[in-house]
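Enquirer: mmCIF, C-alpha atoms, file upload.cif:
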```cif
data_input
loop_
_atom_site.label_atom_id
_atom_site.label_comp_id
_atom_site.auth_asym_id
_atom_site.auth_seq_id
_atom_site.Cartn_x
_atom_site.Cartn_y
_atom_site.Cartn_z
CA MET D 688 84.55 -36.18 52.64
CA ARG D 689 82.04 -35.81 55.47
CA ASP D 690 84.55 -37.20 57.99
CA ARG D 691 87.12 -34.64 56.86
CA TYR D 692 84.58 -31.86 57.30
CA ARG D 693 83.71 -33.10 60.80
CA GLU D 694 87.41 -33.21 61.76
CA VAL D 695 87.87 -29.59 60.66
CA LEU D 696 84.89 -28.47 62.77
CA LEU D 697 85.99 -30.41 65.85
CA ALA D 698 89.49 -28.95 65.59
CA ARG D 699 87.91 -25.49 65.94
CA THR D 700 90.37 -24.15 63.38
CA PHE D 701 87.95 -23.66 60.51
CA SER D 702 89.46 -21.05 58.20
CA LEU D 703 88.84 -19.59 54.75
CA LYS D 704 91.54 -21.94 53.49
CA ASP D 705 89.60 -24.94 54.80
CA CYS D 706 86.44 -23.55 53.24
CA ARG D 707 88.20 -23.17 49.91
CA CYS D 708 89.63 -26.70 49.96
CA ILE D 709 86.32 -28.36 50.86
CA SER D 710 84.43 -26.37 48.22
CA GLU D 711 87.09 -26.98 45.57
CA ASP D 712 86.87 -30.75 46.14
CA HIS D 713 83.12 -30.64 45.64
CA VAL D 714 83.07 -28.31 42.66
CA ASN D 715 85.48 -30.70 40.92
CA ILE D 716 82.90 -33.47 41.38
CA LEU D 717 80.35 -31.44 39.44
CA VAL D 718 82.80 -30.50 36.70
CA LYS D 719 83.79 -34.14 36.24
CA ASN D 720 80.19 -35.40 36.07
CA GLY D 721 79.26 -32.67 33.57
CA SER D 722 76.98 -30.67 35.88
CA ALA D 723 79.30 -27.64 35.93
CA TYR D 724 81.84 -26.02 33.64
CA PRO D 725 84.60 -23.37 33.59
CA CYS D 726 83.47 -19.96 32.37
CA PHE D 727 86.01 -17.50 30.92
CA CYS D 728 83.63 -14.59 30.33
CA THR D 729 85.07 -11.31 31.59
CA ASN D 730 83.35 -8.74 33.78
CA ARG D 731 83.28 -6.43 30.77
CA ARG D 732 81.33 -8.97 28.72
CA MET D 733 78.89 -9.52 31.58
CA GLN D 734 78.30 -5.78 31.84
CA LEU D 735 77.60 -5.61 28.10
CA ILE D 736 75.05 -8.45 28.41
CA LYS D 737 73.34 -6.61 31.26
CA ARG D 738 73.32 -3.31 29.39
CA GLU D 739 71.87 -4.89 26.23
CA ALA D 740 69.14 -6.66 28.23
CA ASN D 741 68.17 -3.43 29.97
CA ARG D 742 68.04 -1.65 26.63
CA ALA D 743 65.76 -4.36 25.24
CA GLN D 744 63.71 -4.33 28.46
CA GLU D 745 64.53 -7.99 29.10
CA ILE D 746 65.68 -9.81 32.24
CA PRO D 747 69.50 -9.54 32.46
CA LYS D 748 70.91 -13.05 32.57
CA TYR D 749 73.98 -14.93 31.43
CA ASP D 750 73.65 -16.43 27.94
CA ASN D 751 75.46 -19.68 28.89
CA LYS D 752 78.09 -19.10 26.19
CA CYS D 753 80.88 -21.06 27.88
CA ARG D 754 78.62 -24.07 28.48
CA HIS D 755 79.15 -24.96 24.82
CA LEU D 756 82.97 -24.76 24.74
CA SER D 757 84.68 -27.97 23.69
CA ALA D 758 86.84 -29.87 26.17
CA LYS D 759 89.87 -29.09 23.99
CA GLU D 760 89.12 -25.34 24.05
CA VAL D 761 88.64 -25.38 27.82
CA GLU D 762 91.93 -27.20 28.33
CA ARG D 763 93.76 -24.74 26.04
CA ARG D 764 92.43 -21.63 27.80
CA MET D 765 93.09 -23.04 31.25
CA GLY D 766 96.61 -23.88 30.14
CA THR D 767 97.30 -20.25 29.31
CA GLY D 768 96.37 -19.19 32.86
CA GLU D 769 93.26 -17.34 31.70
CA PRO D 770 91.07 -16.48 34.73
CA TYR D 771 87.81 -18.37 35.01
CA CYS D 772 84.93 -19.12 37.34
CA VAL D 773 82.81 -22.26 37.49
CA ARG D 774 79.13 -22.20 36.56
CA PHE D 775 76.41 -24.75 37.31
CA LYS D 776 74.17 -26.03 34.52
CA ILE D 777 70.59 -25.30 35.46
CA SER D 778 67.61 -27.05 33.92
CA ASP D 779 65.34 -25.25 31.48
CA LYS D 780 62.36 -27.25 32.78
CA GLU D 781 59.91 -26.41 35.53
CA GLU D 782 60.92 -28.12 38.77
CA SER D 783 58.59 -28.89 41.67
CA PHE D 784 59.02 -29.48 45.38
CA HIS D 785 56.81 -29.66 48.45
CA ASP D 786 57.16 -26.68 50.78
CA LEU D 787 56.40 -27.65 54.39
CA ILE D 788 54.49 -24.39 54.85
CA TYR D 789 53.15 -23.43 51.41
CA GLY D 790 52.61 -26.88 49.89
CA PRO D 791 53.43 -27.70 46.22
CA ILE D 792 55.75 -25.15 44.56
CA SER D 793 56.82 -25.14 40.90
CA TYR D 794 59.40 -22.87 39.33
CA ASN D 795 61.60 -22.66 36.24
CA VAL D 796 64.91 -21.10 37.25
CA SER D 797 66.06 -20.51 33.68
CA LEU D 798 63.28 -17.99 33.09
CA ASN D 799 65.04 -15.45 35.29
CA GLU D 800 68.73 -16.36 35.22
CA GLY D 801 71.39 -18.14 33.26
CA ASP D 802 73.80 -20.71 34.64
CA PRO D 803 74.85 -19.34 38.05
CA VAL D 804 78.41 -19.01 39.29
CA ILE D 805 79.15 -21.55 42.04
CA PHE D 806 82.92 -21.04 42.28
CA LYS D 807 84.42 -17.60 41.77
CA SER D 808 87.65 -16.77 39.96
CA ASP D 809 89.27 -15.94 43.32
CA GLY D 810 88.94 -19.58 44.35
CA TYR D 811 86.05 -19.23 46.78
CA PRO D 812 82.49 -20.57 46.53
CA THR D 813 79.35 -18.50 46.17
CA TYR D 814 76.72 -18.67 48.90
CA HIS D 815 74.28 -20.92 47.04
CA PHE D 816 76.94 -23.58 46.45
CA ALA D 817 78.51 -23.42 49.91
CA ASN D 818 75.05 -23.52 51.50
CA VAL D 819 74.18 -26.82 49.82
CA VAL D 820 77.56 -28.44 50.52
CA ASP D 821 77.61 -27.33 54.17
CA ASP D 822 74.03 -28.48 54.82
CA HIS D 823 74.79 -31.90 53.35
CA LEU D 824 78.03 -32.35 55.29
CA MET D 825 76.30 -31.28 58.51
CA GLU D 826 73.47 -33.77 57.82
CA ILE D 827 70.78 -31.10 57.96
CA SER D 828 67.36 -32.76 57.74
CA HIS D 829 65.08 -29.69 57.71
CA VAL D 830 65.68 -26.20 56.37
CA LEU D 831 63.40 -23.46 57.70
CA ARG D 832 64.08 -20.01 56.26
CA GLY D 833 62.35 -16.86 55.11
CA VAL D 834 59.92 -17.03 52.20
CA GLU D 835 62.14 -14.72 50.15
CA TRP D 836 64.48 -17.73 49.76
CA GLN D 837 61.73 -19.86 48.20
CA ILE D 838 62.73 -18.81 44.69
CA SER D 839 66.27 -20.14 45.30
CA THR D 840 65.18 -23.55 46.58
CA THR D 841 64.73 -25.01 43.10
CA LYS D 842 68.35 -24.12 42.32
CA HIS D 843 69.52 -25.75 45.54
CA LEU D 844 67.54 -28.91 44.78
CA LEU D 845 69.17 -29.09 41.33
CA LEU D 846 72.57 -28.96 43.05
CA TYR D 847 71.57 -31.80 45.40
CA ARG D 848 70.47 -33.84 42.40
CA ALA D 849 73.73 -33.17 40.57
CA PHE D 850 75.68 -34.54 43.55
CA GLY D 851 73.35 -37.51 43.91
CA TRP D 852 72.44 -36.48 47.45
CA ASP D 853 69.07 -36.66 49.21
CA PRO D 854 67.96 -33.06 49.90
CA PRO D 855 66.58 -31.90 53.25
CA LEU D 856 62.94 -30.94 53.67
CA TYR D 857 62.32 -27.26 53.00
CA GLY D 858 59.86 -24.97 54.74
CA HIS D 859 59.67 -21.25 54.06
CA LEU D 860 58.50 -18.95 56.81
CA PRO D 861 56.25 -15.92 56.21
CA LEU D 862 57.83 -12.56 56.84
CA LEU D 863 57.44 -10.48 59.98
CA MET D 864 56.20 -6.99 59.12
CA ASN D 865 55.92 -3.66 60.89
CA ALA D 866 52.60 -2.92 62.56
CA ASP D 867 51.58 -0.83 59.51
CA GLY D 868 52.27 -3.72 57.14
CA THR D 869 55.56 -2.38 55.75
CA LYS D 870 58.61 -4.62 55.51
CA LEU D 871 61.14 -4.66 58.33
CA SER D 872 64.40 -3.01 57.36
CA LYS D 873 67.92 -3.27 58.76
CA ARG D 874 67.97 0.52 58.47
CA GLN D 875 65.41 0.74 61.28
CA ASN D 876 67.61 1.41 64.28
CA ASP D 877 64.92 0.33 66.71
CA ILE D 878 64.94 -3.27 65.46
CA ARG D 879 68.66 -3.78 65.93
CA ILE D 880 69.64 -6.26 68.64
CA SER D 881 71.89 -3.60 70.17
CA SER D 882 68.91 -1.25 70.42
CA TYR D 883 66.88 -3.79 72.39
CA ARG D 884 69.84 -4.51 74.66
CA GLU D 885 70.44 -0.81 75.31
CA ASN D 886 66.77 -0.42 76.21
CA TYR D 887 66.93 -3.28 78.74
CA ILE D 888 64.76 -5.67 76.77
CA PHE D 889 65.59 -9.22 77.83
CA PRO D 890 66.58 -11.84 75.20
CA LEU D 891 63.70 -14.12 76.19
CA THR D 892 61.33 -11.16 75.95
CA LEU D 893 62.29 -10.63 72.32
CA LEU D 894 61.98 -14.32 71.55
CA ASN D 895 58.49 -14.58 73.05
CA PHE D 896 57.47 -11.34 71.33
CA ILE D 897 58.48 -12.72 67.93
CA VAL D 898 56.88 -16.09 68.64
CA ASN D 899 53.63 -14.36 69.57
CA SER D 900 53.75 -12.33 66.34
CA GLY D 901 54.61 -15.28 64.11
CA GLY D 902 53.38 -18.86 63.93
CA GLY D 903 54.13 -22.40 64.99
CA PHE D 904 52.22 -22.27 68.26
CA GLU D 905 48.65 -22.82 69.40
CA LYS D 906 46.73 -19.56 68.98
CA ASP D 907 44.05 -20.10 71.60
CA GLN D 908 42.05 -17.27 73.10
CA GLU D 909 43.54 -17.66 76.57
CA ARG D 910 47.11 -17.41 75.29
CA HIS D 911 46.20 -14.28 73.35
CA LEU D 912 44.39 -12.55 76.22
CA LYS D 913 46.80 -13.68 78.94
CA PRO D 914 50.26 -13.84 77.32
CA GLN D 915 53.06 -15.52 79.19
CA CYS D 916 56.83 -15.43 78.87
CA TYR D 917 58.02 -18.99 78.24
CA SER D 918 61.52 -20.42 78.60
CA ILE D 919 63.33 -21.77 75.54
CA ASP D 920 62.68 -25.35 76.65
CA GLU D 921 58.96 -24.62 77.03
CA LEU D 922 58.83 -23.00 73.58
CA CYS D 923 60.60 -26.00 72.05
CA GLU D 924 58.03 -28.35 73.58
CA GLN D 925 55.12 -26.25 72.29
CA PHE D 926 56.43 -25.67 68.75
CA ASP D 927 54.42 -27.37 66.02
CA LEU D 928 55.48 -27.00 62.39
CA SER D 929 51.92 -27.57 61.20
CA LYS D 930 50.78 -24.47 63.12
CA ILE D 931 52.92 -22.09 61.03
CA ASN D 932 50.76 -19.79 58.92
CA SER D 933 51.52 -18.90 55.32
CA HIS D 934 50.55 -15.24 55.76
CA SER D 935 52.88 -12.58 57.17
CA GLY D 936 52.82 -11.68 60.85
CA LYS D 937 52.90 -8.17 62.26
CA LEU D 938 55.14 -7.02 65.10
CA MET D 939 52.87 -5.08 67.44
CA GLY D 940 55.39 -2.94 69.30
CA ASP D 941 53.06 -2.16 72.19
CA ARG D 942 53.19 -5.81 73.27
CA LEU D 943 56.98 -5.87 73.56
CA LEU D 944 57.00 -4.06 76.91
CA GLU D 945 54.17 -6.28 78.14
CA PHE D 946 56.33 -9.33 77.46
CA ASN D 947 59.29 -7.65 79.16
CA ARG D 948 57.20 -7.15 82.30
CA LEU D 949 56.18 -10.80 82.17
CA GLU D 950 59.83 -11.80 81.79
CA ILE D 951 60.74 -9.85 84.94
CA LYS D 952 58.02 -11.74 86.81
CA ARG D 953 59.26 -15.06 85.41
CA GLN D 954 62.87 -14.37 86.45
CA LEU D 955 61.80 -13.45 89.98
CA LYS D 956 60.43 -17.00 90.42
CA ASN D 957 63.75 -18.65 89.54
CA ASP D 958 66.44 -18.46 92.25
CA ASP D 959 69.43 -18.09 89.91
CA GLU D 960 67.72 -15.65 87.57
CA ARG D 961 66.35 -13.70 90.52
CA GLN D 962 69.87 -13.21 91.88
CA ARG D 963 71.11 -11.97 88.49
CA LEU D 964 68.16 -9.60 88.31
CA ILE D 965 69.03 -8.23 91.77
CA GLU D 966 72.68 -7.75 90.75
CA ASN D 967 71.69 -5.99 87.53
CA THR D 968 69.32 -3.73 89.45
CA ARG D 969 72.03 -2.85 91.98
CA ALA D 970 74.47 -1.98 89.20
CA LEU D 971 71.84 0.13 87.47
CA ALA D 972 71.03 1.95 90.74
CA LYS D 973 74.67 2.81 91.34
CA LYS D 974 75.04 4.02 87.78
CA HIS D 975 71.82 6.04 87.81
CA PHE D 976 72.25 7.75 91.16
CA GLU D 977 76.03 7.49 91.38
CA ILE D 978 75.55 5.81 94.73
CA ARG D 979 78.83 5.13 96.51
CA ASN D 980 77.66 4.19 99.98
CA SER D 981 77.07 7.83 100.83
CA GLY D 982 74.89 8.93 103.72
CA ASN D 983 72.26 10.14 101.26
CA SER D 984 71.41 6.72 99.90
CA VAL D 985 69.38 3.80 101.13
CA GLN D 986 70.73 0.30 101.49
CA LEU D 987 71.32 -1.84 98.40
CA SER D 988 71.27 -5.25 100.02
CA ASP D 989 69.96 -8.31 98.19
CA GLU D 990 67.00 -8.48 100.55
CA PHE D 991 66.03 -4.86 99.96
CA ILE D 992 66.38 -4.95 96.16
CA GLY D 993 64.47 -8.25 96.05
CA ARG D 994 61.65 -6.64 98.00
CA VAL D 995 61.63 -3.66 95.61
CA LEU D 996 61.43 -5.98 92.60
CA ASP D 997 58.64 -8.07 94.11
CA TRP D 998 56.65 -4.94 94.93
CA SER D 999 57.18 -3.32 91.54
CA GLN D 1000 56.83 -6.30 89.19
CA ASN D 1001 53.31 -5.23 88.16
CA ARG D 1002 54.28 -1.54 88.00
CA ILE D 1003 57.33 -1.56 85.73
CA GLU D 1004 58.04 -2.78 82.21
CA LYS D 1005 61.82 -2.30 82.20
CA LEU D 1006 64.43 -2.16 84.98
CA PRO D 1007 65.15 1.56 84.35
CA ASP D 1008 61.50 2.25 85.28
CA LEU D 1009 62.57 1.63 88.89
CA PHE D 1010 64.52 4.88 88.74
CA SER D 1011 61.82 7.15 87.38
CA PRO D 1012 61.11 10.34 89.43
CA SER D 1013 58.00 8.77 90.96
CA LEU D 1014 60.07 5.88 92.37
CA ALA D 1015 63.22 7.82 93.26
CA PHE D 1016 62.20 7.72 96.94
CA VAL D 1017 62.99 3.99 96.97
CA TRP D 1018 66.69 4.70 96.46
CA THR D 1019 67.34 8.18 97.87
CA LEU D 1020 66.37 10.06 101.02
CA PRO D 1021 64.26 13.24 101.02
CA THR D 1022 66.32 16.40 101.41
CA SER D 1023 63.76 18.90 102.76
CA TYR D 1024 60.71 18.84 105.05
CA ASN D 1025 57.85 21.13 105.95
CA VAL D 1026 55.98 19.26 108.65
CA ASP D 1027 53.31 20.54 111.04
CA ASP D 1028 54.11 20.26 114.80
CA ASN D 1029 51.12 18.01 115.37
CA ILE D 1030 52.50 15.60 112.77
CA SER D 1031 55.95 15.64 114.39
CA ILE D 1032 54.41 14.65 117.72
CA ALA D 1033 52.70 11.67 116.06
CA ILE D 1034 55.90 10.35 114.45
CA PRO D 1035 57.32 8.67 117.63
CA VAL D 1036 53.98 6.89 118.10
CA LEU D 1037 54.22 5.55 114.54
CA GLU D 1038 57.81 4.42 115.14
CA GLU D 1039 56.76 2.57 118.27
CA GLY D 1040 53.93 0.86 116.43
CA LEU D 1041 56.28 -0.20 113.64
CA ARG D 1042 58.80 -1.68 116.09
CA LYS D 1043 56.07 -3.83 117.63
CA MET D 1044 55.19 -5.35 114.25
CA GLU D 1045 56.89 -8.66 113.60
CA ALA D 1046 56.31 -8.33 109.87
CA ILE D 1047 55.15 -5.43 107.71
CA ASN D 1048 51.57 -5.99 106.62
CA LYS D 1049 49.68 -3.40 104.57
CA ASP D 1050 46.32 -4.05 106.27
CA GLU D 1051 47.84 -3.74 109.76
CA LEU D 1052 49.70 -0.61 108.65
CA ASN D 1053 46.51 1.05 107.43
CA ALA D 1054 44.81 0.18 110.74
CA LEU D 1055 47.77 1.61 112.72
CA LEU D 1056 47.82 4.83 110.67
CA ARG D 1057 44.05 5.27 111.10
CA GLN D 1058 44.36 4.66 114.87
CA ILE D 1059 47.17 7.23 115.30
CA SER D 1060 45.19 9.77 113.26
CA ASN D 1061 42.11 9.31 115.47
CA GLU D 1062 44.00 9.29 118.79
CA ARG D 1063 45.99 12.45 117.92
CA GLY D 1064 43.03 14.28 116.46
CA LEU D 1065 44.67 14.56 113.03
CA LYS D 1066 42.85 14.81 109.75
CA TYR D 1067 43.67 11.52 108.06
CA GLY D 1068 44.21 13.05 104.63
CA LEU D 1069 46.65 15.66 106.00
CA PHE D 1070 48.43 12.99 108.07
CA MET D 1071 48.94 10.77 104.98
CA LYS D 1072 50.08 13.71 102.86
CA SER D 1073 52.65 14.72 105.46
CA LEU D 1074 53.94 11.16 105.89
CA ARG D 1075 54.28 10.79 102.13
CA VAL D 1076 56.50 13.89 102.05
CA ILE D 1077 58.54 12.62 105.03
CA LEU D 1078 59.13 9.19 103.50
CA SER D 1079 59.56 10.14 99.85
CA GLY D 1080 59.66 13.89 99.34
CA LEU D 1081 56.73 13.43 96.94
CA LYS D 1082 53.33 15.06 97.01
CA GLU D 1083 51.83 12.16 95.06
CA GLY D 1084 52.70 8.53 94.70
CA PRO D 1085 51.93 5.12 96.22
CA SER D 1086 49.92 4.96 99.41
CA VAL D 1087 51.83 5.51 102.65
CA ALA D 1088 51.22 1.88 103.65
CA GLU D 1089 52.73 0.74 100.34
CA MET D 1090 55.74 3.01 100.83
CA ILE D 1091 56.36 1.57 104.29
CA GLU D 1092 55.90 -1.93 102.91
CA ILE D 1093 58.49 -1.43 100.18
CA LEU D 1094 60.97 0.55 102.31
CA GLY D 1095 60.80 -1.92 105.16
CA LYS D 1096 60.67 -1.29 108.91
CA GLU D 1097 64.29 -0.18 109.43
CA ASP D 1098 64.48 2.27 106.55
CA THR D 1099 61.05 3.73 107.35
CA ILE D 1100 62.10 4.40 110.95
CA ARG D 1101 65.39 5.82 109.68
CA ARG D 1102 63.51 8.32 107.51
CA LEU D 1103 61.13 9.23 110.32
CA ASP D 1104 64.10 9.86 112.65
CA LEU D 1105 65.80 11.95 109.98
CA CYS D 1106 62.69 14.10 109.73
CA LEU D 1107 62.50 14.54 113.52
CA ASN D 1108 66.19 15.49 113.75
CA LYS D 1109 65.98 18.00 110.92
CA THR D 1110 62.73 19.46 112.20
CA THR D 1111 64.20 19.86 115.71
CA SER D 1112 67.39 21.48 114.40
CA MET D 1113 65.33 24.01 112.43
CA LYS D 1114 63.54 25.26 115.56
#
```
Can you turn what I pasted into structure tokens?

Expert:
Amino acid sequence: MRDRYREVLLARTFSLKDCRCISEDHVNILVKNGSAYPCFCTNRRMQLIKREANRAQEIPKYDNKCRHLSAKEVERRMGTGEPYCVRFKISDKEESFHDLIYGPISYNVSLNEGDPVIFKSDGYPTYHFANVVDDHLMEISHVLRGVEWQISTTKHLLLYRAFGWDPPLYGHLPLLMNADGTKLSKRQNDIRISSYRENYIFPLTLLNFIVNSGGGFEKDQERHLKPQCYSIDELCEQFDLSKINSHSGKLMGDRLLEFNRLEIKRQLKNDDERQRLIENTRALAKKHFEIRNSGNSVQLSDEFIGRVLDWSQNRIEKLPDLFSPSLAFVWTLPTSYNVDDNISIAIPVLEEGLRKMEAINKDELNALLRQISNERGLKYGLFMKSLRVILSGLKEGPSVAEMIEILGKEDTIRRLDLCLNKTTSMK
């Protein structure tokens, strides 16, 4: 049976028909060994049972009527073509198992439900039955799932016993909650995967965020105070089942963007991921500014975008932050100037100093700017304010040395020339 299942999976043609055949073969095993039986109760009868239980303020559950039908009666009713499902005989005794997270667990399934349906009248299995069969055929050794499934584990173990199979080890994970302690809901649009993707949250960001909020990892002080974005391989190496807590974890939303910033820094250190980050940034820039190689845009070369990302990695939390108004100067040229004549005279001196520099260095830039200000008799504050407007069109923002560092020598000189040309044409 397991070989047949493996062949179906390898053929990559797994269909509902295959699912039905595999489940039907297995449900017949339980019927033959007396662990399951056909049930002919109609939907109408089940509704009446539920209604009567609600009226009596009791737990609505099946009364196991068809469990007691004789083999002759079952054969007769099946022979007439009467629709039926198949139910599994659950024990009326308390069953125990060891939960890898919560320790010893005991539960009597029959207190809250009657014999459950494992094969529906339409010929398809229910989840609880298919789950057990699939896990066995796939040779699953450990099952880790949410704690809300703990109540169903006893039923699954009874199914394993009925087949004569060794069950996997079960561990139930505590729930992740909202920051205020309320339960996460699929109706919260901001926790949908599509919402994170649309907001440029990286997959590894989300994984590290959840890991940090949950358990299974060493919770040392350094890791808490200095979080890091780990790769999947690194997380796999660090995971320790014994470190999982039994209490619920809270998703602290303010840390999500912190992990996204850390993920940007991590990607910049990996050549392949760095290149993808550059390409994604270029595409986002073109989309945001509708840049089509026009004369009003700066270059979008790999070297330039890489420099922008390196410079901004401690300043941004998401890629769209690169296109905020305060950083627009990185991508677009200023459109208007109001520069004092004394400043205009100093611009060629700055250009000459930049051309002599082999590499842009912020300390050398600051020294050059201070020297030009002193030699030309300019107030340093006014000189910096004017240069900021020339280079970015902004009255506030990063220091002039930082702007030159991020723009690079060629683009800085280009902007200085543009200012000189426009200023001259206005006179």

Enquirer: What is the distance between atom CA of D:Leu964 and atom CA of D:Arg994, in Å to one decimal?

Expert: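 So the answer is 12.0 Å.
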
Enquirer: What gap, in Å, lies between atom CA of D:Leu1094 and atom CA of D:Asn1053?

Expert: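 Taking atom CA of D:Leu1094 as the start and atom CA of D:Asn1053 as the end point, the length is 15.3 Å.
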
Enquirer: Could you pull the residues within 10 Å of D:Pro770, counting all atoms listed in the file, minus those fewer than 3 positions along the same chain, as a count of residues only?

Expert: 11

Enquirer: As an exercise, work out the distance from atom CA of D:Gly902 to atom CA of D:Tyr917 in Å and give it to one decimal place.

Expert: 15.0 Å

Enquirer: Starting from the displayed file, determine the output of the PyMOL selection byres ((chain D and resi 841) around 9) and express the residue list as an MDAnalysis selection string.

Expert: chainID D and resid 782:784 793:796 837:840 842:846

Enquirer: For the residues selected in the previous step, produce a file with C-alpha atoms as an mmCIF file, in the frame of the given file.

Expert:
```cif
data_model
loop_
_atom_site.group_PDB
_atom_site.id
_atom_site.type_symbol
_atom_site.label_atom_id
_atom_site.label_comp_id
_atom_site.auth_asym_id
_atom_site.auth_seq_id
_atom_site.Cartn_x
_atom_site.Cartn_y
_atom_site.Cartn_z
ATOM 1 C CA GLU D 782 60.920 -28.120 38.770
ATOM 2 C CA SER D 783 58.590 -28.890 41.670
ATOM 3 C CA PHE D 784 59.020 -29.480 45.380
ATOM 4 C CA SER D 793 56.820 -25.140 40.900
ATOM 5 C CA TYR D 794 59.400 -22.870 39.330
ATOM 6 C CA ASN D 795 61.600 -22.660 36.240
ATOM 7 C CA VAL D 796 64.910 -21.100 37.250
ATOM 8 C CA GLN D 837 61.730 -19.860 48.200
ATOM 9 C CA ILE D 838 62.730 -18.810 44.690
ATOM 10 C CA SER D 839 66.270 -20.140 45.300
ATOM 11 C CA THR D 840 65.180 -23.550 46.580
ATOM 12 C CA LYS D 842 68.350 -24.120 42.320
ATOM 13 C CA HIS D 843 69.520 -25.750 45.540
ATOM 14 C CA LEU D 844 67.540 -28.910 44.780
ATOM 15 C CA LEU D 845 69.170 -29.090 41.330
ATOM 16 C CA LEU D 846 72.570 -28.960 43.050
#
```

Enquirer: Assuming the chain letters and numbering stay as they are in my file, what does the PyMOL selection byres ((chain D and resi 862) around 10) actually select? List them as a list in words.

Expert: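 Those residues are Arg832, Gly833, Val834, Glu835, His859, Leu860, Pro861, Leu863, Met864, Asn865, Lys870, Leu871, Gly901, Ser933, His934, Ser935, Gly936 and Lys937 of chain D.
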
Enquirer: I'd like to know which of D:Lys1072, D:Arg848, D:His823, D:Lys759 is closest to D:Lys776, using all atoms listed in the file.

Expert: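 Between D:Lys1072, D:Arg848, D:His823, D:Lys759, the residue approaching D:Lys776 most closely is D:Arg848.
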
Enquirer: Excluding stretch 886-900 of chain D and any residue of its chain fewer than 6 positions from it, enumerate the residues within 9 Å of it, using only C-alpha atoms, and give them as a PDB file with C-alpha atoms, in the frame of the given file.

Expert:
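Saved the output as around_2.pdb:
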```pdb
ATOM      1  CA  LEU D 863      57.440 -10.480  59.980  1.00  0.00           C
ATOM      2  CA  LYS D 906      46.730 -19.560  68.980  1.00  0.00           C
ATOM      3  CA  HIS D 911      46.200 -14.280  73.350  1.00  0.00           C
ATOM      4  CA  PRO D 914      50.260 -13.840  77.320  1.00  0.00           C
ATOM      5  CA  GLN D 915      53.060 -15.520  79.190  1.00  0.00           C
ATOM      6  CA  CYS D 916      56.830 -15.430  78.870  1.00  0.00           C
ATOM      7  CA  TYR D 917      58.020 -18.990  78.240  1.00  0.00           C
ATOM      8  CA  SER D 918      61.520 -20.420  78.600  1.00  0.00           C
ATOM      9  CA  ILE D 919      63.330 -21.770  75.540  1.00  0.00           C
ATOM     10  CA  LEU D 922      58.830 -23.000  73.580  1.00  0.00           C
ATOM     11  CA  GLY D 936      52.820 -11.680  60.850  1.00  0.00           C
ATOM     12  CA  LYS D 937      52.900  -8.170  62.260  1.00  0.00           C
ATOM     13  CA  LEU D 938      55.140  -7.020  65.100  1.00  0.00           C
ATOM     14  CA  MET D 939      52.870  -5.080  67.440  1.00  0.00           C
ATOM     15  CA  GLY D 940      55.390  -2.940  69.300  1.00  0.00           C
ATOM     16  CA  ARG D 942      53.190  -5.810  73.270  1.00  0.00           C
ATOM     17  CA  LEU D 943      56.980  -5.870  73.560  1.00  0.00           C
ATOM     18  CA  LEU D 944      57.000  -4.060  76.910  1.00  0.00           C
ATOM     19  CA  GLU D 945      54.170  -6.280  78.140  1.00  0.00           C
ATOM     20  CA  PHE D 946      56.330  -9.330  77.460  1.00  0.00           C
ATOM     21  CA  ASN D 947      59.290  -7.650  79.160  1.00  0.00           C
ATOM     22  CA  ARG D 948      57.200  -7.150  82.300  1.00  0.00           C
ATOM     23  CA  LEU D 949      56.180 -10.800  82.170  1.00  0.00           C
ATOM     24  CA  GLU D 950      59.830 -11.800  81.790  1.00  0.00           C
ATOM     25  CA  ILE D 951      60.740  -9.850  84.940  1.00  0.00           C
ATOM     26  CA  LYS D1005      61.820  -2.300  82.200  1.00  0.00           C
ATOM     27  CA  LEU D1006      64.430  -2.160  84.980  1.00  0.00           C
ATOM     28  CA  PRO D1007      65.150   1.560  84.350  1.00  0.00           C
TER      29      PRO D1007
END
```

Enquirer: If we draw a sphere of 8 Å around (73.1, -38.1, 52.0), which residues have at least one atom in it when counting all atoms listed in the file? Please report them as number ranges by chain.

Expert: D: 823, 826, 852-854

Enquirer: Please determine, counting only C-alpha atoms, which residue among D:Glu1051, D:Asp1104, D:Glu1039, D:Glu1045 has the shortest atom-to-atom distance to D:Glu1089.

Expert: D:Glu1051

Enquirer: Nearest residue to D:Arg774 out of D:Ile805, D:Leu1105, D:Ala849, D:Ala972, using all atoms listed in the file?

Expert: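 Nearest candidate to D:Arg774 out of D:Ile805, D:Leu1105, D:Ala849, D:Ala972: D:Ile805.
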
Enquirer: Give the answer as one residue: which of D:Asn1029, D:Arg731, D:Glu990, D:Ser797 has the shortest atom-to-atom distance to D:Leu1065, using all atoms listed in the file?

Expert: D:Asn1029

Enquirer: What would the selection look like, as an mmCIF file with C-alpha atoms, keeping the file's coordinate frame, if the PyMOL selection byres ((chain D and resi 1080-1084) around 8) were run on the coordinates I just shared?

Expert:
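Dumped to out23.cif:
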```cif
data_model
loop_
_atom_site.group_PDB
_atom_site.id
_atom_site.type_symbol
_atom_site.label_atom_id
_atom_site.label_comp_id
_atom_site.auth_asym_id
_atom_site.auth_seq_id
_atom_site.Cartn_x
_atom_site.Cartn_y
_atom_site.Cartn_z
ATOM 1 C CA SER D 1013 58.000 8.770 90.960
ATOM 2 C CA PHE D 1016 62.200 7.720 96.940
ATOM 3 C CA LEU D 1020 66.370 10.060 101.020
ATOM 4 C CA PRO D 1021 64.260 13.240 101.020
ATOM 5 C CA THR D 1022 66.320 16.400 101.410
ATOM 6 C CA SER D 1023 63.760 18.900 102.760
ATOM 7 C CA TYR D 1024 60.710 18.840 105.050
ATOM 8 C CA LYS D 1072 50.080 13.710 102.860
ATOM 9 C CA ARG D 1075 54.280 10.790 102.130
ATOM 10 C CA VAL D 1076 56.500 13.890 102.050
ATOM 11 C CA ILE D 1077 58.540 12.620 105.030
ATOM 12 C CA LEU D 1078 59.130 9.190 103.500
ATOM 13 C CA SER D 1079 59.560 10.140 99.850
ATOM 14 C CA PRO D 1085 51.930 5.120 96.220
ATOM 15 C CA SER D 1086 49.920 4.960 99.410
#
```
